[in-house]
>>> print(open('work.cif').read())   # mmCIF, C-alpha atoms
data_work
#
loop_
_atom_site.label_atom_id
_atom_site.label_comp_id
_atom_site.auth_asym_id
_atom_site.auth_seq_id
_atom_site.Cartn_x
_atom_site.Cartn_y
_atom_site.Cartn_z
CA MET A 182 0.00 0.00 0.00
CA LYS A 183 1.28 3.47 -0.86
CA ARG A 184 2.49 5.50 2.11
CA ALA A 185 0.22 8.46 1.29
CA GLN A 186 -2.83 6.20 1.17
CA ALA A 187 -1.88 4.64 4.52
CA TRP A 188 -1.55 8.05 6.17
CA LEU A 189 -4.90 9.11 4.70
CA LEU A 190 -6.66 6.06 6.17
CA LEU A 191 -4.99 6.60 9.54
CA GLY A 192 -5.99 10.26 9.52
CA LEU A 193 -9.60 9.42 8.72
CA TYR A 194 -9.71 6.80 11.46
CA ARG A 195 -8.32 9.26 14.00
CA LEU A 196 -10.79 11.96 13.01
CA LEU A 197 -13.63 9.47 13.36
CA SER A 198 -12.30 8.32 16.75
CA LEU A 199 -12.08 11.91 17.93
CA ALA A 200 -15.65 12.60 16.85
CA LEU A 201 -16.84 9.44 18.62
CA SER A 202 -14.86 10.01 21.81
CA PRO A 203 -18.01 10.40 23.94
CA LEU A 204 -19.20 7.00 22.68
CA TRP A 205 -15.89 5.42 23.70
CA LEU A 206 -16.37 6.78 27.22
CA ILE A 207 -20.01 5.66 27.33
CA LEU A 208 -18.94 2.17 26.22
CA LEU A 209 -16.38 2.03 29.02
CA LEU A 210 -19.01 3.08 31.57
CA VAL A 211 -21.46 0.47 30.27
CA ARG A 212 -18.77 -2.21 30.52
CA LEU A 213 -17.98 -0.97 34.02
CA ALA A 214 -21.64 -1.31 35.00
CA GLN A 215 -21.63 -4.84 33.58
CA SER A 216 -18.53 -5.71 35.66
CA LYS A 217 -16.51 -6.19 32.49
CA GLU A 218 -14.02 -3.51 33.55
CA ASP A 219 -12.00 -3.28 36.74
CA PRO A 220 -12.88 0.04 38.44
CA ARG A 221 -9.52 0.10 40.24
CA ARG A 222 -7.63 -0.04 36.95
CA LEU A 223 -9.88 1.92 34.62
CA GLY A 224 -7.10 4.45 34.07
CA GLU A 225 -5.08 1.80 32.24
CA ARG A 226 -7.83 1.56 29.64
CA LEU A 227 -7.33 5.28 29.02
CA GLY A 228 -3.58 4.88 28.60
CA TRP A 229 -2.35 5.82 32.06
CA PRO A 230 0.13 3.32 33.55
CA SER A 231 -0.21 1.87 37.03
CA ARG A 232 3.27 0.32 37.21
CA ARG A 233 6.80 1.73 37.04
CA ARG A 234 8.72 1.07 33.86
CA PRO A 235 12.06 -0.65 34.55
CA ALA A 236 15.14 0.45 32.64
CA GLY A 237 16.14 -1.43 29.52
CA PRO A 238 14.65 -2.55 26.21
CA LEU A 239 11.00 -3.52 26.48
CA LEU A 240 9.07 -6.19 24.55
CA TRP A 241 5.32 -5.55 24.37
CA PHE A 242 3.04 -8.58 24.02
CA HIS A 243 -0.70 -8.27 23.54
CA ALA A 244 -3.15 -11.11 24.16
CA ALA A 245 -6.87 -10.43 23.99
CA SER A 246 -8.03 -12.98 26.53
CA VAL A 247 -7.26 -16.16 28.45
CA GLY A 248 -6.51 -18.46 25.50
CA GLU A 249 -4.07 -16.07 23.88
CA LEU A 250 -2.41 -15.34 27.23
CA ASN A 251 -1.85 -19.04 27.91
CA SER A 252 -0.35 -19.44 24.44
CA LEU A 253 2.24 -16.74 25.24
CA LEU A 254 3.45 -18.26 28.50
CA PRO A 255 6.10 -20.61 27.01
CA VAL A 256 7.59 -17.70 25.04
CA LEU A 257 7.54 -15.34 28.03
CA ARG A 258 9.24 -17.91 30.23
CA ALA A 259 11.94 -18.50 27.63
CA LEU A 260 12.53 -14.75 27.25
CA GLY A 261 12.65 -14.14 31.00
CA GLN A 262 15.58 -16.47 31.61
CA GLY A 263 19.11 -15.29 32.27
CA ALA A 264 20.81 -11.95 32.74
CA GLY A 265 20.17 -9.25 30.21
CA ALA A 266 16.60 -10.35 29.56
CA PRO A 267 14.36 -7.60 28.17
CA VAL A 268 11.52 -6.04 30.12
CA LEU A 269 8.31 -7.91 29.32
CA LEU A 270 5.05 -5.98 29.14
CA VAL A 271 1.86 -8.00 28.62
CA THR A 272 -1.48 -6.36 27.87
CA THR A 273 -4.89 -8.00 27.79
CA VAL A 274 -8.51 -6.90 27.48
CA THR A 275 -10.67 -8.97 29.82
CA ARG A 276 -10.85 -9.10 33.61
CA THR A 277 -10.59 -12.87 33.45
CA SER A 278 -7.26 -12.70 31.64
CA ALA A 279 -6.01 -9.98 34.01
CA ALA A 280 -6.78 -12.15 37.03
CA LEU A 281 -5.04 -15.09 35.40
CA ALA A 282 -2.03 -12.94 34.49
CA GLY A 283 -1.45 -12.18 38.17
CA ARG A 284 -1.10 -15.90 38.79
CA VAL A 285 0.77 -17.29 35.81
CA LEU A 286 3.05 -14.59 34.36
CA PRO A 287 6.79 -14.84 35.07
CA PRO A 288 7.81 -12.66 38.05
CA ALA A 289 9.58 -10.11 35.86
CA ALA A 290 6.64 -9.62 33.48
CA ILE A 291 4.39 -6.57 33.89
CA HIS A 292 0.66 -6.76 33.18
CA GLN A 293 -1.48 -3.82 32.09
CA TYR A 294 -4.90 -3.54 30.53
CA VAL A 295 -4.60 -2.50 26.90
CA PRO A 296 -5.86 1.04 26.22
CA ILE A 297 -8.99 1.51 24.15
CA ASP A 298 -8.27 1.83 20.42
CA HIS A 299 -8.12 5.62 20.47
CA TRP A 300 -4.99 7.60 19.65
CA LEU A 301 -5.41 9.84 22.72
CA ALA A 302 -5.30 6.71 24.91
CA LEU A 303 -2.45 4.93 23.15
CA LEU A 304 -0.28 8.06 22.86
CA PRO A 305 0.55 8.36 26.61
CA PHE A 306 0.78 4.57 26.85
CA ARG A 307 3.46 4.12 24.20
CA CYS A 308 5.36 7.27 25.20
CA TYR A 309 5.61 5.95 28.77
CA TRP A 310 6.48 2.32 28.02
CA ARG A 311 8.64 2.98 24.91
CA PRO A 312 8.56 -0.58 23.50
CA CYS A 313 11.25 -1.64 21.07
CA LEU A 314 9.15 -4.46 19.61
CA GLY A 315 5.46 -5.34 19.53
CA VAL A 316 4.04 -8.87 19.44
CA LEU A 317 0.38 -9.68 18.78
CA ALA A 318 -0.94 -13.13 19.62
CA GLU A 319 -3.16 -14.61 16.91
CA ALA A 320 -4.73 -11.68 14.99
CA GLU A 321 -6.02 -8.91 17.26
CA LEU A 322 -5.82 -6.27 14.53
CA TRP A 323 -7.10 -2.89 15.71
CA PRO A 324 -5.88 0.19 13.80
CA GLU A 325 -4.37 2.21 16.66
CA LEU A 326 -3.01 -0.88 18.41
CA VAL A 327 -1.28 -1.93 15.20
CA GLN A 328 0.14 1.58 14.75
CA ALA A 329 1.39 1.70 18.33
CA MET A 330 3.39 -1.54 18.22
CA PRO A 331 6.83 -0.97 16.65
CA HIS A 332 8.36 -3.64 14.39
CA LEU A 333 5.13 -5.57 14.73
CA HIS A 334 5.24 -9.37 14.79
CA LEU A 335 2.14 -11.56 14.58
CA ILE A 336 2.62 -14.90 16.31
CA ASN A 337 0.26 -17.89 16.39
CA ALA A 338 -1.42 -16.02 13.56
CA ARG A 339 -4.55 -17.64 12.24
CA MET A 340 -7.00 -16.64 9.54
CA SER A 341 -10.06 -18.84 9.07
CA GLN A 342 -11.66 -19.10 5.66
CA ARG A 343 -14.65 -17.15 6.96
CA SER A 344 -12.43 -14.32 8.26
CA TYR A 345 -10.43 -14.33 5.05
CA LEU A 346 -13.56 -13.89 2.94
CA ARG A 347 -14.71 -11.06 5.21
CA HIS A 348 -11.36 -9.27 4.84
CA ARG A 349 -11.49 -9.77 1.08
CA ARG A 350 -14.60 -7.59 0.98
CA LEU A 351 -12.48 -4.70 2.31
CA PRO A 352 -9.06 -5.35 0.75
CA VAL A 353 -7.84 -1.78 1.22
CA TYR A 354 -8.58 -1.89 4.96
CA ALA A 355 -6.97 -5.33 5.38
CA GLY A 356 -3.94 -4.29 3.37
CA TRP A 357 -3.55 -1.14 5.45
CA LEU A 358 -3.47 -3.07 8.73
CA LEU A 359 -1.24 -5.88 7.50
CA ALA A 360 1.22 -3.42 5.95
CA ARG A 361 2.33 -2.61 9.52
CA VAL A 362 3.22 -6.24 10.22
CA GLU A 363 6.93 -6.90 9.70
CA VAL A 364 6.80 -10.65 10.36
CA CYS A 365 3.72 -12.89 10.31
CA LEU A 366 4.25 -16.31 11.94
CA ALA A 367 1.19 -18.36 11.08
CA GLN A 368 -0.11 -21.49 12.78
CA SER A 369 -0.47 -23.49 9.55
CA GLN A 370 0.30 -23.38 5.84
CA ALA A 371 -3.36 -22.60 5.12
CA ASP A 372 -3.29 -19.63 7.51
CA ALA A 373 -0.02 -18.42 5.99
CA GLU A 374 -1.42 -18.53 2.46
CA ARG A 375 -4.48 -16.49 3.47
CA PHE A 376 -2.29 -13.83 5.09
CA ARG A 377 -0.14 -13.66 1.95
CA ARG A 378 -3.19 -13.18 -0.24
CA LEU A 379 -4.29 -10.29 1.97
CA GLY A 380 -0.93 -8.58 1.54
CA ALA A 381 1.11 -9.53 4.62
CA ARG A 382 4.91 -9.52 4.26
CA ASP A 383 7.41 -12.12 5.43
CA VAL A 384 4.81 -14.80 6.22
CA ARG A 385 6.02 -18.10 7.65
CA ALA A 386 4.12 -21.16 8.88
CA LEU A 387 5.86 -21.66 12.23
CA GLY A 388 3.15 -23.47 14.18
CA SER A 389 1.56 -22.59 17.50
CA THR A 390 3.23 -21.94 20.85
CA LYS A 391 0.12 -23.50 22.46
CA LEU A 392 1.84 -26.83 21.86
CA ASP A 393 4.58 -25.92 24.37
CA ALA A 394 2.23 -24.96 27.19
CA ASP A 395 2.51 -26.98 30.37
CA PRO A 396 -0.51 -29.06 31.40
CA PRO A 397 -2.77 -26.95 33.62
CA PRO A 398 -2.04 -27.35 37.35
CA VAL A 399 -4.31 -29.55 39.46
CA ASN A 400 -5.36 -28.49 42.95
CA SER A 401 -5.47 -31.81 44.81
CA VAL A 402 -7.61 -30.40 47.61
CA TYR A 403 -10.21 -29.03 45.19
CA LEU A 404 -10.09 -32.23 43.16
CA GLU A 405 -10.97 -34.30 46.21
CA MET A 406 -13.81 -31.90 47.00
CA VAL A 407 -15.25 -32.21 43.46
CA GLN A 408 -15.09 -35.98 43.72
CA GLN A 409 -16.92 -35.81 47.04
CA VAL A 410 -19.58 -33.52 45.55
CA PHE A 411 -20.33 -36.02 42.79
CA ALA A 412 -20.10 -38.95 45.23
CA GLY A 413 -18.31 -41.31 42.89
CA ARG A 414 -20.40 -40.51 39.82
CA SER A 415 -18.76 -40.33 36.40
CA VAL A 416 -18.40 -36.68 35.36
CA LEU A 417 -18.77 -35.00 31.97
CA LEU A 418 -17.04 -31.62 31.76
CA LEU A 419 -18.17 -28.96 29.29
CA ALA A 420 -15.01 -26.84 29.22
CA SER A 421 -14.77 -23.15 28.29
CA SER A 422 -18.38 -22.95 27.13
CA HIS A 423 -20.01 -19.85 25.68
CA ALA A 424 -23.45 -18.33 26.15
CA GLY A 425 -26.01 -20.65 24.59
CA GLU A 426 -23.92 -23.82 24.81
CA GLU A 427 -24.71 -24.53 28.45
CA ARG A 428 -28.43 -24.48 27.68
CA GLN A 429 -27.87 -26.88 24.76
CA TRP A 430 -26.15 -29.34 27.07
CA LEU A 431 -28.49 -28.86 30.01
CA GLU A 432 -31.49 -29.54 27.78
CA ALA A 433 -29.84 -32.64 26.32
CA TRP A 434 -28.92 -33.82 29.83
CA ALA A 435 -32.49 -33.40 31.03
CA GLU A 436 -34.12 -34.88 27.89
CA ASN A 437 -31.98 -38.01 28.14
CA GLN A 438 -32.85 -38.34 31.86
CA LEU A 439 -29.19 -38.64 32.76
CA THR A 440 -29.91 -37.47 36.29
CA GLN A 441 -31.28 -40.97 36.87
CA ARG A 442 -27.92 -42.52 35.99
CA PRO A 443 -24.64 -42.32 37.96
CA PHE A 444 -23.38 -39.35 36.00
CA GLY A 445 -22.63 -35.75 36.90
CA LEU A 446 -22.39 -32.64 34.71
CA LEU A 447 -19.66 -30.08 35.38
CA LEU A 448 -19.98 -26.77 33.50
CA ALA A 449 -16.98 -24.42 33.27
CA PRO A 450 -18.07 -21.27 31.40
CA ARG A 451 -15.27 -19.46 29.59
CA HIS A 452 -16.33 -16.29 31.41
CA PRO A 453 -16.99 -17.25 35.05
CA GLN A 454 -19.06 -14.10 35.65
CA ARG A 455 -21.82 -15.87 33.71
CA ALA A 456 -22.03 -18.63 36.33
CA GLN A 457 -25.19 -17.30 38.00
CA GLU A 458 -26.94 -17.20 34.63
CA VAL A 459 -25.93 -20.80 33.93
CA LEU A 460 -27.05 -21.87 37.41
CA ALA A 461 -30.48 -20.33 36.81
CA GLN A 462 -30.80 -22.14 33.47
CA ALA A 463 -30.10 -25.50 35.13
CA ARG A 464 -32.68 -24.91 37.83
CA GLN A 465 -35.29 -23.78 35.28
CA LEU A 466 -34.96 -27.23 33.69
CA GLY A 467 -35.61 -28.93 37.01
CA LEU A 468 -32.00 -29.95 37.63
CA SER A 469 -30.44 -29.60 41.05
CA ALA A 470 -27.43 -27.31 40.60
CA ALA A 471 -24.79 -25.62 42.72
CA LEU A 472 -21.98 -23.09 42.32
CA TRP A 473 -18.48 -24.26 43.07
CA SER A 474 -17.70 -21.19 45.21
CA ASP A 475 -20.76 -21.85 47.41
CA LEU A 476 -19.71 -25.43 47.99
CA ALA A 477 -16.05 -24.60 48.57
CA GLY A 478 -16.89 -21.79 50.96
CA GLY A 479 -19.81 -23.21 52.88
CA GLY A 480 -19.53 -26.96 52.92
CA LEU A 481 -20.38 -29.67 50.43
CA ALA A 482 -23.97 -30.05 49.20
CA PRO A 483 -25.40 -33.55 48.69
CA ASN A 484 -25.05 -34.75 45.10
CA PRO A 485 -26.15 -31.91 42.77
CA ASP A 486 -26.94 -32.94 39.20
CA VAL A 487 -24.94 -30.01 37.88
CA LEU A 488 -21.92 -28.18 39.28
CA VAL A 489 -21.10 -24.76 37.79
CA ALA A 490 -17.48 -23.61 38.06
CA ASP A 491 -17.28 -19.90 38.83
CA VAL A 492 -13.56 -19.37 39.48
CA ILE A 493 -10.64 -19.01 37.09
CA GLY A 494 -7.35 -20.86 36.98
CA GLU A 495 -8.70 -24.28 38.01
CA MET A 496 -9.26 -25.85 34.59
CA GLY A 497 -6.71 -28.54 35.40
CA THR A 498 -8.76 -29.52 38.43
CA TRP A 499 -12.02 -29.68 36.48
CA ILE A 500 -10.36 -31.76 33.75
CA SER A 501 -8.86 -34.18 36.27
CA ALA A 502 -12.27 -34.66 37.89
CA ALA A 503 -13.88 -35.60 34.56
CA ALA A 504 -14.20 -38.94 32.79
CA VAL A 505 -14.67 -37.15 29.49
CA VAL A 506 -14.15 -33.54 28.38
CA VAL A 507 -16.26 -31.72 25.79
CA MET A 508 -14.76 -28.57 24.29
CA GLY A 509 -16.93 -25.47 24.32
CA GLY A 510 -17.16 -22.92 21.53
CA SER A 511 -17.58 -25.72 18.99
CA PHE A 512 -21.38 -26.12 18.80
CA TYR A 513 -22.39 -22.85 17.09
CA PRO A 514 -24.01 -21.38 20.23
CA GLN A 515 -26.82 -19.01 19.31
CA GLY A 516 -25.88 -19.56 15.66
CA ARG A 517 -22.41 -18.05 16.08
CA ALA A 518 -19.25 -19.60 14.63
CA LEU A 519 -16.68 -19.25 17.44
CA GLY A 520 -14.06 -21.72 16.23
CA GLY A 521 -13.83 -23.87 19.36
CA GLN A 522 -11.59 -23.80 22.42
CA ASN A 523 -8.14 -25.28 23.01
CA PRO A 524 -8.27 -29.10 23.27
CA LEU A 525 -4.61 -29.47 24.22
CA GLU A 526 -5.11 -29.06 27.98
CA PRO A 527 -7.37 -32.12 28.46
CA VAL A 528 -5.29 -34.07 25.91
CA ALA A 529 -2.13 -33.32 27.91
CA LEU A 530 -3.85 -34.57 31.07
CA GLY A 531 -4.84 -37.82 29.37
CA ARG A 532 -8.57 -37.30 29.18
CA PRO A 533 -10.68 -38.36 26.17
CA VAL A 534 -11.83 -35.21 24.39
CA LEU A 535 -14.93 -34.63 22.28
CA CYS A 536 -15.86 -31.54 20.30
CA GLY A 537 -18.53 -30.21 17.99
CA PRO A 538 -18.27 -29.40 14.29
CA ASP A 539 -16.77 -25.90 14.65
CA MET A 540 -13.06 -26.14 15.53
CA ALA A 541 -11.77 -23.65 12.97
CA ASN A 542 -9.43 -22.02 15.50
CA PHE A 543 -7.56 -25.30 15.87
CA SER A 544 -7.79 -26.69 12.36
CA ASP A 545 -4.04 -27.35 12.31
CA LEU A 546 -4.33 -29.57 15.40
CA LEU A 547 -7.36 -31.61 14.37
CA GLU A 548 -5.57 -34.05 12.09
CA PRO A 549 -2.78 -35.10 14.51
CA LEU A 550 -5.17 -35.29 17.48
CA LEU A 551 -7.77 -37.28 15.54
CA ALA A 552 -5.09 -39.61 14.18
CA ALA A 553 -3.72 -40.18 17.69
CA GLY A 554 -7.19 -41.04 18.97
CA CYS A 555 -7.08 -38.19 21.49
CA LEU A 556 -9.98 -36.25 19.99
CA GLN A 557 -13.34 -37.19 18.52
CA GLN A 558 -15.29 -34.65 16.47
CA CYS A 559 -19.08 -34.93 16.31
CA ALA A 560 -21.82 -33.31 14.27
CA ASP A 561 -23.87 -31.75 17.09
CA VAL A 562 -24.69 -31.93 20.80
CA ALA A 563 -26.82 -35.07 20.45
CA ALA A 564 -24.07 -36.96 18.61
CA THR A 565 -21.45 -35.76 21.08
CA LEU A 566 -23.51 -36.90 24.05
CA ALA A 567 -24.06 -40.29 22.41
CA ALA A 568 -20.28 -40.63 21.94
CA ALA A 569 -19.66 -39.56 25.54
CA LEU A 570 -22.02 -42.05 27.19
CA PRO A 571 -19.78 -45.13 26.72
CA LEU A 572 -16.88 -43.18 28.20
CA LEU A 573 -19.03 -42.24 31.18
CA VAL A 574 -20.14 -45.84 31.69
CA GLN A 575 -16.58 -47.14 31.59
CA PRO A 576 -14.30 -44.18 32.35
CA LEU A 577 -10.55 -44.37 32.06
CA PRO A 578 -8.85 -44.92 35.43
CA GLN A 579 -7.65 -41.83 37.27
CA GLY A 580 -4.03 -41.05 36.45
CA HIS A 581 -4.35 -42.67 33.03
CA GLY A 582 -1.09 -41.74 31.30
CA GLU A 583 0.23 -38.23 30.79
CA GLY A 584 -1.58 -37.67 27.55
CA LEU A 585 -0.16 -36.57 24.24
CA ARG A 586 2.39 -33.73 24.14
CA LEU A 587 3.19 -32.03 20.85
CA ARG A 588 6.17 -29.78 20.33
CA GLY A 589 5.83 -26.12 19.39
CA PRO A 590 8.15 -23.29 18.32
CA SER A 591 8.43 -21.32 21.58
CA GLN A 592 12.22 -21.54 22.04
CA LEU A 593 12.87 -20.65 18.41
CA LEU A 594 10.42 -17.76 18.59
CA ALA A 595 11.93 -16.43 21.83
CA SER A 596 15.39 -16.39 20.23
CA LEU A 597 14.05 -14.57 17.18
CA LEU A 598 12.24 -11.93 19.24
CA LEU A 599 15.21 -11.37 21.54
CA LYS A 600 17.52 -10.81 18.58
CA ARG A 601 15.13 -8.40 16.89
CA CYS A 602 14.50 -6.52 20.14
CA ARG A 603 18.22 -5.96 20.61
CA LEU A 604 18.60 -4.73 17.06
CA SER A 605 15.69 -2.32 17.47
CA SER A 606 17.01 -1.08 20.82
CA ALA A 607 20.47 -0.51 19.35
CA ALA A 608 18.93 1.58 16.59
CA ASN A 609 17.27 3.68 19.33
CA GLU A 610 14.02 3.88 17.38
CA MET A 611 10.84 5.27 18.84
CA PRO A 612 7.36 3.94 17.99
CA MET A 613 5.51 5.89 15.33
CA ILE A 614 3.05 8.45 16.64
#
>>> encode(input="work.cif", output="structure tokens")
Amino acid sequence: MKRAQAWLLLGLYRLLSLALSPLWLILLLVRLAQSKEDPRRLGERLGWPSRRRPAGPLLWFHAASVGELNSLLPVLRALGQGAGAPVLLVTTVTRTSAALAGRVLPPAAIHQYVPIDHWLALLPFRCYWRPCLGVLAEAELWPELVQAMPHLHLINARMSQRSYLRHRRLPVYAGWLLARVEVCLAQSQADAERFRRLGARDVRALGSTKLDADPPPVNSVYLEMVQQVFAGRSVLLLASSHAGEERQWLEAWAENQLTQRPFGLLLAPRHPQRAQEVLAQARQLGLSAALWSDLAGGGLAPNPDVLVADVIGEMGTWISAAAVVVMGGSFYPQGRALGGQNPLEPVALGRPVLCGPDMANFSDLLEPLLAAGCLQQCADVAATLAAALPLLVQPLPQGHGEGLRLRGPSQLLASLLLKRCRLSSAANEMPMI
């Protein structure tokens, strides 16, 4: 794209953002009222830092939510080792990911909420932090965010066919954003080819750092409590579910009268703040249901049909308590194509994993996982439940193997980013304003 055309598009976007500034503030207040923003850290969303910047070159990583943050952890750990390591700044959007960041980030990494995509918010942010290199996980392409990240690298980049066709309708806009990307490291050859067609430079199919993530930790105390709650029943876990999916599964559970069999249903919504809504849905269908936090804080209730997980960071515990794991985001909830959630965590813990038809986000993993017998893909909720029932009747023994571990590119990527960060720092370049 010609430089003059790029500046024209940026100027138009900034004029529009300036005109719509009141709407940005109203949106923040609405999100605050919905508990989607942290009132103690709202200033970060407007570009004002809440942490001191250490001296030295700084690498800025952005991950929209929990899945992207988890995918960055192997790279962040590799970068944080040894003397002379760069400062690591990690930004996210959601409260869930911020809470998780406080628990899982390396000690030297700094977490901040990403500013809203407005130049008056990102200007003080980038002038304060002065990053030498920007890294976006997957494809969180917002105009001002892309402009703010110097020497931008996309990692774990994915582009579904549906997203590709949508970008093709606005080729000038897609080309403008991707022109800022210096290196695009795609998850698969198919993703890489779609990025090339949209105009990205230096595109490579490097794979996904999700493959290098450690299995999620298991809280043995909580695990024993979950087992006591279900009183020896075989548990089906619906992991990282989205709005609409829980109702699909609750209705199927009730219609098949599975409460009369020695089975339990454990629901772990991707956004735990929705737990009360899910609890109400279960009770409306005549199922006895309980929240995990109520049981953990006030004693164990006798044998609920459904347990709703309402805390973050315990996915390893929920997986370990289950005989079979069903991946959320894969059943077109409310008619939406969400692309599925990460199946590698239950696979790494040795649990049989089922999913629905929509796993576009992990298309590169489907073939090896299906071939290894670690994953079974089904057409809909009814077919998935039918496939799960034999596994519930005869579950694998607890502690069954360590699961399948695939190898990803985290060490190679960390070396590449460290080298490029040092080169950028030596050039003493400032991010474009």
>>> atom_distance(input="work.cif", atom1="atom CA of A:Gly283", atom2="atom CA of A:Val362")
29.0 Å
>>> closest_residue(input="work.cif", among="A:Leu253, A:Ala503, A:Val364, A:Leu468", to="A:Ala435", atoms="all atoms listed in the file")
A:Leu468
>>> closest_residue(input="work.cif", among="A:Val285, A:Val274, A:Val353, A:Ile291", to="A:Glu321", atoms="all atoms listed in the file")
A:Val274
>>> resolve_selection(input="work.cif", expression="the PyMOL selection byres ((chain A and resi 572) around 10)", output="ChimeraX atom specification")
/A:415-417,504-505,533,567-571,573-577
>>> atom_distance(input="work.cif", atom1="atom CA of A:Pro267", atom2="atom CA of A:Arg361")
22.7 Å
>>> closest_residue(input="work.cif", among="A:Leu379, A:Val268, A:Leu206, A:Leu546", to="A:Arg350", atoms="all atoms listed in the file")
A:Leu379
>>> resolve_selection(input="work.cif", expression="the PyMOL selection byres ((chain A and resi 344) around 12)", output="number ranges by chain")
A: 320, 339-343, 345-351, 355, 372, 375-376, 379, 518-520, 541-542
>>> resolve_selection(input="work.cif", expression="the PyMOL selection byres ((chain A and resi 210-222) around 10)", output="NGL selection string")
:A and (204-209 or 223-227 or 229-231 or 274-277 or 279 or 293-294 or 454)
>>> closest_residue(input="work.cif", among="A:Leu201, A:Val492, A:Ala461, A:Val487", to="A:Leu419", atoms="all atoms listed in the file")
A:Val487
>>> residues_near_point(input="work.cif", point="(2.6, -5.0, 30.6)", cutoff="8 Å", atoms="only C-alpha atoms", output="list in words")
Trp241, Phe242, Leu269, Leu270, Val271, Thr272, Ala290, Ile291, His292, Gln293 and Tyr294 of chain A
>>> closest_residue(input="work.cif", among="A:Ser422, A:Gln441, A:Gln186, A:Thr273", to="A:Gly537", atoms="only C-alpha atoms")
A:Ser422
>>> residues_around(input="work.cif", residues="A:Met330", least_positions_apart="3", cutoff="7 Å", atoms="all atoms listed in the file", output="ChimeraX atom specification")
/A:314-315,326-327,333,612
>>> write_last_selection(input="work.cif", atoms="C-alpha atoms", output="compact mmCIF listing (two decimals), keeping the file's coordinate frame")
# COMPACT_ATOMS: atom_id res chain seq x y z
CA LEU A 314 9.15 -4.46 19.61
CA GLY A 315 5.46 -5.34 19.53
CA LEU A 326 -3.01 -0.88 18.41
CA VAL A 327 -1.28 -1.93 15.20
CA LEU A 333 5.13 -5.57 14.73
CA PRO A 612 7.36 3.94 17.99
>>> atom_distance(input="work.cif", atom1="atom CA of A:Lys391", atom2="atom CA of A:Leu250")
9.8 Å
>>> closest_residue(input="work.cif", among="A:Pro450, A:Pro288, A:Pro255, A:Gly248", to="A:Arg588", atoms="only C-alpha atoms")
A:Pro255
>>> residues_around(input="work.cif", residues="A:Glu495", least_positions_apart="6", cutoff="10 Å", atoms="all atoms listed in the file", output="MDAnalysis selection string")
chainID A and resid 397:400 403:404 449
>>> residues_around(input="work.cif", residues="stretch 469-475 of chain A", least_positions_apart="2", cutoff="6 Å", atoms="only C-alpha atoms", output="MDAnalysis selection string")
chainID A and resid 477:479 485:490
>>> residues_around(input="work.cif", residues="stretch 595-608 of chain A", least_positions_apart="5", cutoff="10 Å", atoms="all atoms listed in the file", output="JSON, numbers by chain")
{"A": [237, 238, 239, 240, 255, 256, 257, 258, 259, 260, 261, 266, 267, 312, 313, 314, 315, 316, 331, 332, 334, 590]}
>>> residues_around(input="work.cif", residues="A:Gln370", least_positions_apart="5", cutoff="9 Å", atoms="all atoms listed in the file", output="list in words")
Arg375, Arg385, Ala386, Leu387, Gly388 and Asp545 of chain A
>>> write_last_selection(input="work.cif", atoms="C-alpha atoms", output="tab-separated table (two decimals), in the frame of the given file")
chain	number	residue	atom	x	y	z
A	375	ARG	CA	-4.48	-16.49	3.47
A	385	ARG	CA	6.02	-18.10	7.65
A	386	ALA	CA	4.12	-21.16	8.88
A	387	LEU	CA	5.86	-21.66	12.23
A	388	GLY	CA	3.15	-23.47	14.18
A	545	ASP	CA	-4.04	-27.35	12.31
>>> build_atoms(input="work.cif", residues="stretch 452-460 of chain A", atoms="N, CA and C atoms", output="short mmCIF file (atom, residue, chain, number, x, y, z; two decimals), in the coordinates of the input")
data_model
loop_
_atom_site.label_atom_id
_atom_site.label_comp_id
_atom_site.auth_asym_id
_atom_site.auth_seq_id
_atom_site.Cartn_x
_atom_site.Cartn_y
_atom_site.Cartn_z
N HIS A 452 -16.30 -17.52 30.61
CA HIS A 452 -16.33 -16.29 31.41
C HIS A 452 -17.08 -16.60 32.71
N PRO A 453 -16.35 -16.80 33.81
CA PRO A 453 -16.99 -17.25 35.05
C PRO A 453 -18.06 -16.31 35.59
N GLN A 454 -18.04 -15.03 35.17
CA GLN A 454 -19.06 -14.10 35.65
C GLN A 454 -20.45 -14.48 35.16
N ARG A 455 -20.54 -15.41 34.20
CA ARG A 455 -21.82 -15.87 33.71
C ARG A 455 -22.36 -17.04 34.53
N ALA A 456 -21.67 -17.42 35.59
CA ALA A 456 -22.03 -18.63 36.33
C ALA A 456 -23.45 -18.57 36.91
N GLN A 457 -23.85 -17.42 37.43
CA GLN A 457 -25.19 -17.30 38.00
C GLN A 457 -26.26 -17.51 36.94
N GLU A 458 -26.02 -17.00 35.75
CA GLU A 458 -26.94 -17.20 34.63
C GLU A 458 -27.06 -18.68 34.28
N VAL A 459 -25.93 -19.37 34.25
CA VAL A 459 -25.93 -20.80 33.93
C VAL A 459 -26.64 -21.59 35.04
N LEU A 460 -26.40 -21.21 36.28
CA LEU A 460 -27.05 -21.87 37.41
C LEU A 460 -28.57 -21.75 37.30
#
